[in-house]
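Everything below belongs to run-v3.cif, which stores mmCIF, C-alpha atoms.
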```cif
data_final
#
loop_
_atom_site.group_PDB
_atom_site.id
_atom_site.type_symbol
_atom_site.label_atom_id
_atom_site.label_comp_id
_atom_site.auth_asym_id
_atom_site.auth_seq_id
_atom_site.Cartn_x
_atom_site.Cartn_y
_atom_site.Cartn_z
ATOM 1 C CA MET M 7 -13.789 -17.226 3.240
ATOM 2 C CA LYS M 8 -12.146 -19.007 0.369
ATOM 3 C CA GLY M 9 -13.937 -17.008 -2.328
ATOM 4 C CA ALA M 10 -12.745 -13.664 -0.987
ATOM 5 C CA THR M 11 -9.037 -14.140 -1.721
ATOM 6 C CA TRP M 12 -8.911 -12.063 -4.904
ATOM 7 C CA LEU M 13 -11.333 -9.534 -3.453
ATOM 8 C CA ASN M 14 -8.992 -9.199 -0.488
ATOM 9 C CA ILE M 15 -5.924 -8.730 -2.683
ATOM 10 C CA VAL M 16 -7.469 -6.265 -5.146
ATOM 11 C CA ALA M 17 -9.411 -4.205 -2.605
ATOM 12 C CA GLY M 18 -6.560 -4.217 -0.100
ATOM 13 C CA MET M 19 -3.911 -3.152 -2.608
ATOM 14 C CA THR M 20 -6.021 -0.408 -4.195
ATOM 15 C CA THR M 21 -7.148 0.990 -0.843
ATOM 16 C CA GLY M 22 -3.694 0.704 0.687
ATOM 17 C CA MET M 23 -1.910 2.239 -2.289
ATOM 18 C CA GLY M 24 -4.449 5.073 -2.369
ATOM 19 C CA ASN M 25 -3.856 5.792 1.296
ATOM 20 C CA GLY M 26 -0.116 5.436 0.747
ATOM 21 C CA SER M 27 -0.224 8.062 -1.986
ATOM 22 C CA VAL M 28 -2.030 10.483 0.335
ATOM 23 C CA PHE M 29 0.533 9.798 3.076
ATOM 24 C CA THR M 30 3.369 10.301 0.579
ATOM 25 C CA LEU M 31 1.835 13.554 -0.649
ATOM 26 C CA ALA M 32 1.523 14.899 2.893
ATOM 27 C CA PHE M 33 5.044 13.743 3.718
ATOM 28 C CA MET M 34 6.508 15.355 0.612
ATOM 29 C CA LEU M 35 4.594 18.585 1.157
ATOM 30 C CA ASN M 36 6.118 18.845 4.623
ATOM 31 C CA LEU M 37 9.574 17.675 3.563
ATOM 32 C CA GLY M 38 9.838 19.313 0.179
ATOM 33 C CA ARG M 39 12.301 17.617 -2.089
ATOM 34 C CA GLY M 40 14.571 17.156 0.885
ATOM 35 C CA GLY M 41 17.531 14.876 0.333
ATOM 36 C CA PHE M 42 16.229 13.434 -2.925
ATOM 37 C CA GLN M 43 18.720 14.487 -5.587
ATOM 38 C CA GLU M 44 17.072 12.664 -8.486
ATOM 39 C CA TRP M 45 13.496 12.386 -9.647
ATOM 40 C CA GLY M 46 13.841 8.726 -10.695
ATOM 41 C CA GLY M 47 10.773 8.519 -12.888
ATOM 42 C CA TRP M 48 12.032 6.259 -15.689
ATOM 43 C CA GLY M 49 12.562 2.500 -15.801
ATOM 44 C CA MET M 50 13.677 0.787 -12.623
ATOM 45 C CA ASP M 51 14.700 4.128 -11.081
ATOM 46 C CA ALA M 52 10.994 4.671 -10.428
ATOM 47 C CA TYR M 53 11.153 1.892 -7.843
ATOM 48 C CA TRP M 54 14.534 2.682 -6.289
ATOM 49 C CA PRO M 55 13.654 3.966 -2.772
ATOM 50 C CA ILE M 56 16.371 6.637 -2.666
ATOM 51 C CA THR M 57 14.855 8.578 -5.576
ATOM 52 C CA TYR M 58 11.896 10.936 -5.219
ATOM 53 C CA CYS M 59 9.513 8.821 -7.315
ATOM 54 C CA GLY M 60 10.842 5.537 -5.943
ATOM 55 C CA PHE M 61 10.186 6.623 -2.370
ATOM 56 C CA SER M 62 6.530 7.293 -3.152
ATOM 57 C CA HIS M 63 6.151 3.951 -4.940
ATOM 58 C CA THR M 64 7.777 2.112 -2.043
ATOM 59 C CA ILE M 65 5.432 3.718 0.479
ATOM 60 C CA MET M 66 2.393 2.915 -1.667
ATOM 61 C CA ILE M 67 3.420 -0.732 -2.068
ATOM 62 C CA LEU M 68 4.073 -1.081 1.680
ATOM 63 C CA PHE M 69 0.680 0.431 2.507
ATOM 64 C CA GLY M 70 -0.945 -1.903 -0.035
ATOM 65 C CA ILE M 71 0.637 -4.995 1.499
ATOM 66 C CA ALA M 72 -0.334 -3.827 4.996
ATOM 67 C CA PHE M 73 -3.956 -3.333 3.930
ATOM 68 C CA VAL M 74 -4.084 -6.795 2.306
ATOM 69 C CA ILE M 75 -2.913 -8.318 5.590
ATOM 70 C CA LEU M 76 -5.403 -6.257 7.611
ATOM 71 C CA MET M 77 -8.294 -7.089 5.291
ATOM 72 C CA GLY M 78 -7.449 -10.793 5.378
ATOM 73 C CA TYR M 79 -7.463 -10.753 9.159
ATOM 74 C CA THR M 80 -10.717 -8.784 9.399
ATOM 75 C CA LEU M 81 -12.468 -11.008 6.843
ATOM 76 C CA LYS M 82 -11.401 -14.053 8.854
ATOM 77 C CA LEU M 83 -12.729 -12.499 12.080
ATOM 78 C CA HIS M 84 -15.949 -11.509 10.321
ATOM 79 C CA ALA M 85 -16.452 -15.094 9.164
ATOM 80 C CA VAL M 86 -15.962 -16.358 12.719
ATOM 81 C CA LEU M 87 -18.465 -13.814 14.064
ATOM 82 C CA GLU M 88 -20.996 -14.930 11.452
ATOM 83 C CA GLY M 89 -20.652 -18.499 12.645
ATOM 84 C CA GLN M 90 -18.729 -19.945 9.716
ATOM 85 C CA PRO M 91 -16.091 -22.545 10.528
ATOM 86 C CA GLU M 92 -12.479 -21.362 10.406
#
```
Give the structure from the file, written as structure tokens.
Amino acid sequence: MKGATWLNIVAGMTTGMGNGSVFTLAFMLNLGRGGFQEWGGWGMDAYWPITYCGFSHTIMILFGIAFVILMGYTLKLHAVLEGQPE
């Protein structure tokens, strides 16, 4: 499915990051602020995994990448089931 590359990337990242934000919210509600001493919401601190905000961004990006990989694999399997050549 050559035409589905951008669909895979956009849909996988948005779905994965949405699910990652829900996971992060549930994790933070159970953990509280925990060991995060700084909020880290400005500049590159927002993406530093040891800050509160950076941890949530890291989880969302990881979930997004995982969903892109899963969607690529499932679209490939769907094409094979529909009889398209690999």
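The gap separating atom CA of Pro91 of chain M from atom CA of Ala72 of chain M is 25.1 Å, in Å to one decimal.
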Between atom CA of Gly40 of chain M and atom CA of Gly60 of chain M, measure the distance and give it in Å to one decimal.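 Result for atom CA of Gly40 of chain M versus atom CA of Gly60 of chain M: 14.0 Å, one decimal.
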I want to know what sits within 7 Å of Met77 of chain M, based on only C-alpha atoms, with residues of the same chain fewer than 4 positions away left out; could you give that as a PyMOL selection string? chain M and resi 14+18+73+81
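If all atoms listed in the file are the atoms counted, then among M:Leu83, M:Gly41, M:Thr20, M:Ile56 the closest residue to Leu68 of chain M is M:Thr20.
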Computed interatomic separation between atom CA of Val74 of chain M and atom CA of Met50 of chain M (Å):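 So the answer is 24.4 Å.
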Ile67 of chain M surroundings by all atoms listed in the file, 8 Å radius, close-in-sequence under 3 positions cut, as number ranges by chain: M: 19, 22-23, 26, 63-64, 70-71
Got time to write the residues from that selection, C-alpha atoms, as a compact mmCIF listing (two decimals), in the coordinates of the input?
```txt
# COMPACT_ATOMS: atom_id res chain seq x y z
CA MET M 19 -3.91 -3.15 -2.61
CA GLY M 22 -3.69 0.70 0.69
CA MET M 23 -1.91 2.24 -2.29
CA GLY M 26 -0.12 5.44 0.75
CA HIS M 63 6.15 3.95 -4.94
CA THR M 64 7.78 2.11 -2.04
CA GLY M 70 -0.94 -1.90 -0.04
CA ILE M 71 0.64 -5.00 1.50
```
- Give as a list in words each residue that has an atom at most 10 Å from (13.1, 9.0, -2.3) in the file, counting all atoms listed in the file.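 Looking at atoms near the point gives Met34, Arg39, Gly40, Gly41, Phe42, Gln43, Glu44, Trp45, Gly46, Ala52, Tyr53, Trp54, Pro55, Ile56, Thr57, Tyr58, Cys59, Gly60, Phe61, Ser62, His63, Thr64 and Ile65 of chain M.
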With 4 Å added on each side, what axis-aligned box encloses every listed atom of segment 43-56 of chain M? Give the centre and edge lengths in Å to one decimal, as lines of an AutoDock Vina configuration file.
```
center_x = 14.7
center_y = 7.6
center_z = -9.2
size_x = 15.9
size_y = 21.7
size_z = 21.1
```
